[in-house]
Amino acid sequence: MAEFSLGPKARSAGYRLAGFDEIGSTNSEALAAAAAGDQGGIWFAALRQTAGRGRRGRAWESPSGNLAASLLIVPDADANVLATLGFVAGVAMQNAFARILPQGAVRIGIDGADAMNGSGRVALKWPNDVLADGAKVAGILLEMGKTAGGRHAIVIGIGVNVIAAPTGLPYPATSLRDLGYERSAEDVFEALSEAWVDAFSLWNEGSGITEILNQWRGSAAGIGAPVAVSQDGIVRRGIFETIDSSGRLVMRDDDGARIVITAGDVHFGATASARS
């Protein structure tokens, strides 16, 4: 039986929780709640999803014991800053891992120094993944709906490979157990619920996005290294320089041209350097 619980800070902030052993999709449950009139501030957490999804409509495999969690919020922010909530979620997830994993396992910084020196096994990958030793250990998916009153409802879905990683993917994946960290989905969720409160407060309806992006950069994978970004079958290669003030990936190609990427599939290391 699932024994999810909110951390004390999350409870004090008024967040609510619906926990499940198994569910089709926590994101779908959250979107349905918004359409039914829920005004947000509720987490949906499950040990197993049978119809989970990731970016670009991809399936997100979630065997029993992994964490699937979705938060429904109805923010007062302008629509043009809502997409930056993915970076808020990334910072929260990274800080949650720092709470429950051994000291030094998680790359944490505010100015990019840790990202440049390669410290920490766990790091953030643009735009919305968490890597451990270069393999995906968690993913984030933002979806937008409407409340019964017509306001924007945002669902932040987070999947964490706690005890097992999916196979047969076009990219490497790992789990906390594979890394030698025995934690439960409930442990990860409680830490996430606490870390979210801090990160969301810092974001402050979008006015604090500069500091959120600074923290994200300090936990980022691949800054200063070769990167390849695939967009609609076109692959762009260069050096990953930073993310800009809007959260877009900035790279420099072989000719020194600055390229700004809004969306795409990102690859680092040997895959980024390979030429077709």
# chains A, B, ... in the order shown; residues from 1 in each chain; ligands from 1
$ residues_around --residues "region 184-190 of chain A" --least-positions-apart "6" --cutoff "9 Å" --atoms "only C-alpha atoms" --output "VMD selection string"
chain A and resid 2 to 8 10 45 to 47 65 to 69 96 to 97 100 160 to 163
$ residues_around --residues "region 199-201 of chain A" --least-positions-apart "4" --cutoff "7 Å" --atoms "only C-alpha atoms" --output "ChimeraX atom specification"
/A:88,91-92,195
$ write_last_selection --atoms "C-alpha atoms" --output "short mmCIF file (atom, residue, chain, number, x, y, z; two decimals), in the first residue's frame"
data_model
loop_
_atom_site.label_atom_id
_atom_site.label_comp_id
_atom_site.auth_asym_id
_atom_site.auth_seq_id
_atom_site.Cartn_x
_atom_site.Cartn_y
_atom_site.Cartn_z
CA VAL A 88 11.16 25.52 -10.98
CA VAL A 91 15.40 23.01 -9.17
CA ALA A 92 12.92 21.44 -6.73
CA ALA A 195 11.64 21.35 -1.99
#
$ atom_distance --atom1 "CA of Arg11 (chain A)" --atom2 "CA of Leu72 (chain A)"
15.2 Å
$ atom_distance --atom1 "CA of His267 (chain A)" --atom2 "CA of Gly218 (chain A)"
18.9 Å
$ closest_residue --among "A:Val130, A:Val227, A:Ala51, A:Val81" --to "Ile23 (chain A)" --atoms "only C-alpha atoms"
A:Ala51
$ select_by_dssp --residues "region 143-273 of chain A" --states "helix (DSSP H, G or I)" --output "ChimeraX atom specification"
/A:185-206,209-218,269-273
$ atom_distance --atom1 "CA of Phe44 (chain A)" --atom2 "CA of Ala18 (chain A)"
4.9 Å
$ select_by_dssp --residues "region 135-258 of chain A" --states "strand (DSSP E or B)" --output "PyMOL selection string"
chain A and resi 135-146+152-160+173+220+226-231+234-243+249-252+258
$ residues_around --residues "Lys136 (chain A)" --least-positions-apart "4" --cutoff "8 Å" --atoms "only C-alpha atoms" --output "tab-separated table (two decimals) with C-alpha atoms, in the first residue's frame"
chain	number	residue	atom	x	y	z
A	129	ASP	CA	15.23	15.89	-17.30
A	130	VAL	CA	17.42	14.83	-14.39
A	131	LEU	CA	20.49	12.74	-15.17
A	132	ALA	CA	22.59	10.49	-12.97
A	171	TYR	CA	18.75	7.15	-24.56
A	172	PRO	CA	20.31	5.62	-21.42
A	173	ALA	CA	18.19	5.46	-18.27
A	174	THR	CA	18.95	4.49	-14.71
$ closest_residue --among "A:Ser207, A:Thr242, A:Lys125, A:Val197" --to "Asp78 (chain A)" --atoms "only C-alpha atoms"
A:Ser207
$ closest_residue --among "A:Leu179, A:Ile158, A:Ala228, A:Ala30" --to "Met144 (chain A)" --atoms "only C-alpha atoms"
A:Ala30
$ residues_around --residues "Ile73 (chain A)" --least-positions-apart "2" --cutoff "6 Å" --atoms "only C-alpha atoms" --output "ChimeraX atom specification"
/A:40-41,75,153-154
$ residues_around --residues "region 243-256 of chain A" --least-positions-apart "6" --cutoff "8 Å" --atoms "only C-alpha atoms" --output "list in words"
Thr84, Phe87, Trp126, Thr210, Leu213, Arg217, Val227, Arg236, Arg237, Thr262 and Ala263 of chain A
$ write_last_selection --atoms "N, CA and C atoms" --output "short mmCIF file (atom, residue, chain, number, x, y, z; two decimals), in the first residue's frame"
data_model
loop_
_atom_site.label_atom_id
_atom_site.label_comp_id
_atom_site.auth_asym_id
_atom_site.auth_seq_id
_atom_site.Cartn_x
_atom_site.Cartn_y
_atom_site.Cartn_z
N THR A 84 8.21 28.59 -17.65
CA THR A 84 9.40 28.53 -16.81
C THR A 84 9.18 27.71 -15.55
N PHE A 87 11.53 24.83 -15.05
CA PHE A 87 12.81 25.06 -14.38
C PHE A 87 12.62 25.07 -12.86
N TRP A 126 18.85 20.07 -19.81
CA TRP A 126 17.90 20.93 -20.49
C TRP A 126 17.05 20.11 -21.46
N THR A 210 14.80 34.88 -12.53
CA THR A 210 16.25 35.05 -12.70
C THR A 210 17.01 34.19 -11.70
N LEU A 213 16.66 30.45 -12.57
CA LEU A 213 17.54 30.07 -13.68
C LEU A 213 19.00 30.02 -13.24
N ARG A 217 21.20 26.67 -13.63
CA ARG A 217 22.52 26.62 -14.30
C ARG A 217 23.56 25.96 -13.39
N VAL A 227 27.43 19.60 -27.51
CA VAL A 227 26.01 19.28 -27.42
C VAL A 227 25.46 19.16 -28.83
N ARG A 236 21.71 20.10 -34.86
CA ARG A 236 22.65 21.20 -34.70
C ARG A 236 23.66 20.82 -33.64
N ARG A 237 24.96 21.07 -33.94
CA ARG A 237 26.02 20.70 -33.01
C ARG A 237 26.84 21.92 -32.64
N THR A 262 14.95 26.87 -28.68
CA THR A 262 13.74 26.94 -27.87
C THR A 262 13.25 25.57 -27.44
N ALA A 263 13.38 24.57 -28.32
CA ALA A 263 12.92 23.22 -28.02
C ALA A 263 13.71 22.24 -28.87
#
$ closest_residue --among "A:Pro127, A:Pro102, A:Gly208, A:Pro226" --to "Gly180 (chain A)" --atoms "only C-alpha atoms"
A:Pro102
